[in-house]
Amino acid sequence: MFSGSTSSNIGSSLKFVPRSDPPVSKKARTSPVWQYFQHFDLSYHPEKKCFRICLICRVNGIDKAVSVGQSASPGPLISHLRTHKAEYLEYVEKKNSLDAAASAATVSNQLSISSFCPNTSNSKELFRKKFAQWVVEQSMPLSVGESPAFISMIKAANKTLFVPDYKSTTQLLYSKKVSTIGKLRKFLEGKYYSITCDHWTSAAHENYGALTLYLIDNFVLKTFVLSCVKHSNGTNAPEVEAQLVVDLHS
Ligand SMILES: [Zn+2]
């Protein structure tokens with residue numbers, strides 16, 4: 001309300017340069033007193049960081065700076081506002097109606113005590129998912145959750161967490177696989193793609209075969225590894241063919 005009248009006085013005897021944004025800051029929501037004051041423009045008044053300009057004094061042609069301290073406390077502003085009777089009454093009315101609205105909101109939105117406790121079933125499920133994701137991304141053994149040292153480390157962080165064992169992680173990853181296959185099938189409907197079959201031997205002399213699907217979707221090359229299998233004791237053409245046939249149908 002005073003933001004418009006502040007600029008109209010510039011050019012008079014006033015020397016204070018207020019910041020150009022409206023005086024309504026975040027704090028204005030908690031105390032309506034802030035809307036009667038404005039920050040200093042610190043490029044003109046670098047030493048006035050902890051002061052505010054009284055906009056009512058300003059309208060009356062007076063430069064009045066009120067110190068709010070490091071914590072930007074509204075107390076000194078309220079004290080100064082008392083010197084402006086009409087505005088002070090207006091502020092008290094606003095404050096009272098805000099307080100009434102806030103207490104009404106508190107009653108209607110009051111949360112039950114249980115909402116302040118962490119939702120254990122949710123955090124357990126989230127941990128299970130994040131754990132499985134970590135196992136996959138770091139190529140950890142699926143049984144890593146059964147390691148006593150690992151379990152004691154997790155329990156040190158949160159006693160209530162259950163560390164997924166081999167079976168639990170496998171089940172979760174299998175259900176992920178099934179849902180991903182469904183999504184991929186849907187995505188591929190009516191599209192053209194190519195599938196390559198690669199076979200290689202690792203530095204440890206182990207044989208792997210992989211099926212990779214490529215397609216261009218909206219001018220972006222997309223790659224999906226459909227299958228990656230370790231062929232123990234070497235491999236031959238029928239084995240790779242079987243992988244191709246079996247994994248393409250799964
Ligand atoms: Zn004033």
# chains A, B, ... in the order shown; residues from 1 in each chain; ligands from 1
$ closest_atom_pairs --of "chain A" --to "ligand 1" --cutoff "6 Å" --atoms "only C-alpha atoms and all ligand atoms" --output "JSON lines"
{"residue": "A:Cys54", "atom": "CA", "partner": "ligand 1", "partner_atom_place_in_ligand_line": "1 (Zn)", "distance": 4.6}
{"residue": "A:Ile56", "atom": "CA", "partner": "ligand 1", "partner_atom_place_in_ligand_line": "1 (Zn)", "distance": 5.1}
{"residue": "A:Cys57", "atom": "CA", "partner": "ligand 1", "partner_atom_place_in_ligand_line": "1 (Zn)", "distance": 4.0}
$ residues_around --residues "region 152-162 of chain A" --least-positions-apart "6" --cutoff "9 Å" --atoms "only C-alpha atoms" --output "list in words"
Thr120, Ser123, Lys124, Phe127 and Arg128 of chain A
$ atom_distance --atom1 "CA of Leu77 (chain A)" --atom2 "CA of Leu14 (chain A)"
19.9 Å
$ atom_distance --atom1 "CA of His39 (chain A)" --atom2 "CA of Phe16 (chain A)"
10.1 Å
$ closest_residue --among "A:Ile216, A:Lys15, A:Arg82, A:Ala105" --to "Ile62 (chain A)" --atoms "only C-alpha atoms"
A:Lys15
$ select_by_dssp --residues "region 78-246 of chain A" --states "helix (DSSP H, G or I)" --output "ChimeraX atom specification"
/A:78-81,85-108,113-116,120-137,142-146,148-157,166-188,237-246
$ decode --residues "region 203-246 of chain A" --atoms "N, CA and C atoms" --output "PDB file, in the first residue's frame"
ATOM      1  N   ALA A 203      38.269 -60.340 -19.612  1.00  0.00           N
ATOM      2  CA  ALA A 203      39.680 -60.502 -19.263  1.00  0.00           C
ATOM      3  C   ALA A 203      39.890 -61.756 -18.421  1.00  0.00           C
ATOM      4  N   ALA A 204      38.837 -62.165 -17.713  1.00  0.00           N
ATOM      5  CA  ALA A 204      38.939 -63.382 -16.898  1.00  0.00           C
ATOM      6  C   ALA A 204      38.598 -64.637 -17.707  1.00  0.00           C
ATOM      7  N   HIS A 205      38.554 -64.487 -19.030  1.00  0.00           N
ATOM      8  CA  HIS A 205      38.255 -65.600 -19.949  1.00  0.00           C
ATOM      9  C   HIS A 205      36.880 -66.203 -19.712  1.00  0.00           C
ATOM     10  N   GLU A 206      35.919 -65.347 -19.398  1.00  0.00           N
ATOM     11  CA  GLU A 206      34.547 -65.826 -19.270  1.00  0.00           C
ATOM     12  C   GLU A 206      33.762 -65.324 -20.484  1.00  0.00           C
ATOM     13  N   ASN A 207      32.849 -66.171 -20.940  1.00  0.00           N
ATOM     14  CA  ASN A 207      32.095 -65.849 -22.156  1.00  0.00           C
ATOM     15  C   ASN A 207      30.738 -65.239 -21.827  1.00  0.00           C
ATOM     16  N   TYR A 208      30.427 -64.171 -22.540  1.00  0.00           N
ATOM     17  CA  TYR A 208      29.143 -63.506 -22.343  1.00  0.00           C
ATOM     18  C   TYR A 208      28.451 -63.325 -23.686  1.00  0.00           C
ATOM     19  N   GLY A 209      27.141 -63.423 -23.659  1.00  0.00           N
ATOM     20  CA  GLY A 209      26.340 -63.113 -24.847  1.00  0.00           C
ATOM     21  C   GLY A 209      25.307 -62.070 -24.461  1.00  0.00           C
ATOM     22  N   ALA A 210      25.108 -61.083 -25.344  1.00  0.00           N
ATOM     23  CA  ALA A 210      24.134 -60.027 -25.025  1.00  0.00           C
ATOM     24  C   ALA A 210      23.262 -59.726 -26.229  1.00  0.00           C
ATOM     25  N   LEU A 211      22.016 -59.447 -25.946  1.00  0.00           N
ATOM     26  CA  LEU A 211      21.081 -59.002 -26.984  1.00  0.00           C
ATOM     27  C   LEU A 211      20.751 -57.545 -26.708  1.00  0.00           C
ATOM     28  N   THR A 212      20.940 -56.712 -27.726  1.00  0.00           N
ATOM     29  CA  THR A 212      20.667 -55.286 -27.536  1.00  0.00           C
ATOM     30  C   THR A 212      19.695 -54.810 -28.605  1.00  0.00           C
ATOM     31  N   LEU A 213      18.706 -54.073 -28.167  1.00  0.00           N
ATOM     32  CA  LEU A 213      17.706 -53.538 -29.093  1.00  0.00           C
ATOM     33  C   LEU A 213      17.972 -52.049 -29.290  1.00  0.00           C
ATOM     34  N   TYR A 214      17.978 -51.628 -30.554  1.00  0.00           N
ATOM     35  CA  TYR A 214      18.189 -50.203 -30.861  1.00  0.00           C
ATOM     36  C   TYR A 214      16.990 -49.690 -31.631  1.00  0.00           C
ATOM     37  N   LEU A 215      16.616 -48.471 -31.324  1.00  0.00           N
ATOM     38  CA  LEU A 215      15.642 -47.826 -32.189  1.00  0.00           C
ATOM     39  C   LEU A 215      15.811 -46.314 -32.102  1.00  0.00           C
ATOM     40  N   ILE A 216      15.306 -45.676 -33.159  1.00  0.00           N
ATOM     41  CA  ILE A 216      15.349 -44.211 -33.158  1.00  0.00           C
ATOM     42  C   ILE A 216      13.946 -43.730 -32.853  1.00  0.00           C
ATOM     43  N   ASP A 217      13.822 -43.036 -31.723  1.00  0.00           N
ATOM     44  CA  ASP A 217      12.527 -42.548 -31.281  1.00  0.00           C
ATOM     45  C   ASP A 217      12.607 -41.036 -31.206  1.00  0.00           C
ATOM     46  N   ASN A 218      11.788 -40.387 -32.017  1.00  0.00           N
ATOM     47  CA  ASN A 218      11.773 -38.930 -32.051  1.00  0.00           C
ATOM     48  C   ASN A 218      13.202 -38.369 -32.258  1.00  0.00           C
ATOM     49  N   PHE A 219      13.907 -39.004 -33.214  1.00  0.00           N
ATOM     50  CA  PHE A 219      15.267 -38.602 -33.607  1.00  0.00           C
ATOM     51  C   PHE A 219      16.313 -38.807 -32.503  1.00  0.00           C
ATOM     52  N   VAL A 220      15.984 -39.630 -31.515  1.00  0.00           N
ATOM     53  CA  VAL A 220      16.957 -39.947 -30.466  1.00  0.00           C
ATOM     54  C   VAL A 220      17.210 -41.452 -30.504  1.00  0.00           C
ATOM     55  N   LEU A 221      18.512 -41.829 -30.547  1.00  0.00           N
ATOM     56  CA  LEU A 221      18.848 -43.248 -30.544  1.00  0.00           C
ATOM     57  C   LEU A 221      18.659 -43.813 -29.144  1.00  0.00           C
ATOM     58  N   LYS A 222      17.853 -44.862 -29.032  1.00  0.00           N
ATOM     59  CA  LYS A 222      17.624 -45.489 -27.725  1.00  0.00           C
ATOM     60  C   LYS A 222      18.146 -46.909 -27.754  1.00  0.00           C
ATOM     61  N   THR A 223      18.729 -47.315 -26.649  1.00  0.00           N
ATOM     62  CA  THR A 223      19.352 -48.631 -26.543  1.00  0.00           C
ATOM     63  C   THR A 223      18.761 -49.366 -25.345  1.00  0.00           C
ATOM     64  N   PHE A 224      18.373 -50.611 -25.560  1.00  0.00           N
ATOM     65  CA  PHE A 224      17.883 -51.435 -24.447  1.00  0.00           C
ATOM     66  C   PHE A 224      18.635 -52.758 -24.460  1.00  0.00           C
ATOM     67  N   VAL A 225      19.273 -53.102 -23.358  1.00  0.00           N
ATOM     68  CA  VAL A 225      19.911 -54.416 -23.257  1.00  0.00           C
ATOM     69  C   VAL A 225      18.813 -55.404 -22.867  1.00  0.00           C
ATOM     70  N   LEU A 226      18.505 -56.342 -23.783  1.00  0.00           N
ATOM     71  CA  LEU A 226      17.400 -57.271 -23.526  1.00  0.00           C
ATOM     72  C   LEU A 226      17.868 -58.447 -22.685  1.00  0.00           C
ATOM     73  N   SER A 227      19.136 -58.779 -22.857  1.00  0.00           N
ATOM     74  CA  SER A 227      19.619 -59.959 -22.154  1.00  0.00           C
ATOM     75  C   SER A 227      21.136 -59.924 -22.127  1.00  0.00           C
ATOM     76  N   CYS A 228      21.713 -60.356 -21.031  1.00  0.00           N
ATOM     77  CA  CYS A 228      23.170 -60.461 -20.940  1.00  0.00           C
ATOM     78  C   CYS A 228      23.447 -61.707 -20.103  1.00  0.00           C
ATOM     79  N   VAL A 229      23.997 -62.706 -20.752  1.00  0.00           N
ATOM     80  CA  VAL A 229      24.126 -64.007 -20.094  1.00  0.00           C
ATOM     81  C   VAL A 229      25.571 -64.472 -20.115  1.00  0.00           C
ATOM     82  N   LYS A 230      25.984 -65.035 -19.010  1.00  0.00           N
ATOM     83  CA  LYS A 230      27.330 -65.615 -18.942  1.00  0.00           C
ATOM     84  C   LYS A 230      27.231 -67.069 -19.390  1.00  0.00           C
ATOM     85  N   HIS A 231      28.048 -67.431 -20.407  1.00  0.00           N
ATOM     86  CA  HIS A 231      28.062 -68.817 -20.881  1.00  0.00           C
ATOM     87  C   HIS A 231      29.288 -69.500 -20.281  1.00  0.00           C
ATOM     88  N   SER A 232      29.054 -70.308 -19.278  1.00  0.00           N
ATOM     89  CA  SER A 232      30.183 -70.976 -18.608  1.00  0.00           C
ATOM     90  C   SER A 232      30.840 -71.992 -19.532  1.00  0.00           C
ATOM     91  N   ASN A 233      32.123 -72.137 -19.377  1.00  0.00           N
ATOM     92  CA  ASN A 233      32.932 -73.095 -20.146  1.00  0.00           C
ATOM     93  C   ASN A 233      32.824 -72.879 -21.654  1.00  0.00           C
ATOM     94  N   GLY A 234      32.802 -71.639 -22.050  1.00  0.00           N
ATOM     95  CA  GLY A 234      32.772 -71.351 -23.472  1.00  0.00           C
ATOM     96  C   GLY A 234      31.371 -71.493 -24.033  1.00  0.00           C
ATOM     97  N   THR A 235      31.229 -71.114 -25.306  1.00  0.00           N
ATOM     98  CA  THR A 235      29.897 -71.173 -25.885  1.00  0.00           C
ATOM     99  C   THR A 235      29.985 -71.591 -27.346  1.00  0.00           C
ATOM    100  N   ASN A 236      28.841 -71.989 -27.876  1.00  0.00           N
ATOM    101  CA  ASN A 236      28.789 -72.339 -29.295  1.00  0.00           C
ATOM    102  C   ASN A 236      27.540 -71.713 -29.910  1.00  0.00           C
ATOM    103  N   ALA A 237      27.441 -71.872 -31.228  1.00  0.00           N
ATOM    104  CA  ALA A 237      26.344 -71.218 -31.942  1.00  0.00           C
ATOM    105  C   ALA A 237      24.967 -71.631 -31.413  1.00  0.00           C
ATOM    106  N   PRO A 238      24.701 -72.918 -31.180  1.00  0.00           N
ATOM    107  CA  PRO A 238      23.367 -73.270 -30.680  1.00  0.00           C
ATOM    108  C   PRO A 238      23.038 -72.609 -29.338  1.00  0.00           C
ATOM    109  N   GLU A 239      24.061 -72.415 -28.487  1.00  0.00           N
ATOM    110  CA  GLU A 239      23.804 -71.774 -27.192  1.00  0.00           C
ATOM    111  C   GLU A 239      23.366 -70.326 -27.380  1.00  0.00           C
ATOM    112  N   VAL A 240      24.082 -69.633 -28.275  1.00  0.00           N
ATOM    113  CA  VAL A 240      23.739 -68.228 -28.530  1.00  0.00           C
ATOM    114  C   VAL A 240      22.363 -68.151 -29.187  1.00  0.00           C
ATOM    115  N   GLU A 241      22.100 -69.079 -30.071  1.00  0.00           N
ATOM    116  CA  GLU A 241      20.793 -69.109 -30.751  1.00  0.00           C
ATOM    117  C   GLU A 241      19.674 -69.320 -29.726  1.00  0.00           C
ATOM    118  N   ALA A 242      19.961 -70.201 -28.754  1.00  0.00           N
ATOM    119  CA  ALA A 242      18.956 -70.470 -27.726  1.00  0.00           C
ATOM    120  C   ALA A 242      18.697 -69.210 -26.901  1.00  0.00           C
ATOM    121  N   GLN A 243      19.766 -68.490 -26.601  1.00  0.00           N
ATOM    122  CA  GLN A 243      19.596 -67.244 -25.836  1.00  0.00           C
ATOM    123  C   GLN A 243      18.721 -66.277 -26.622  1.00  0.00           C
ATOM    124  N   LEU A 244      19.019 -66.198 -27.912  1.00  0.00           N
ATOM    125  CA  LEU A 244      18.264 -65.299 -28.791  1.00  0.00           C
ATOM    126  C   LEU A 244      16.783 -65.671 -28.776  1.00  0.00           C
ATOM    127  N   VAL A 245      16.518 -66.950 -28.942  1.00  0.00           N
ATOM    128  CA  VAL A 245      15.123 -67.389 -29.040  1.00  0.00           C
ATOM    129  C   VAL A 245      14.408 -67.240 -27.701  1.00  0.00           C
ATOM    130  N   VAL A 246      15.067 -67.733 -26.633  1.00  0.00           N
ATOM    131  CA  VAL A 246      14.406 -67.713 -25.309  1.00  0.00           C
ATOM    132  C   VAL A 246      14.196 -66.283 -24.823  1.00  0.00           C
TER     133      VAL A 246
END
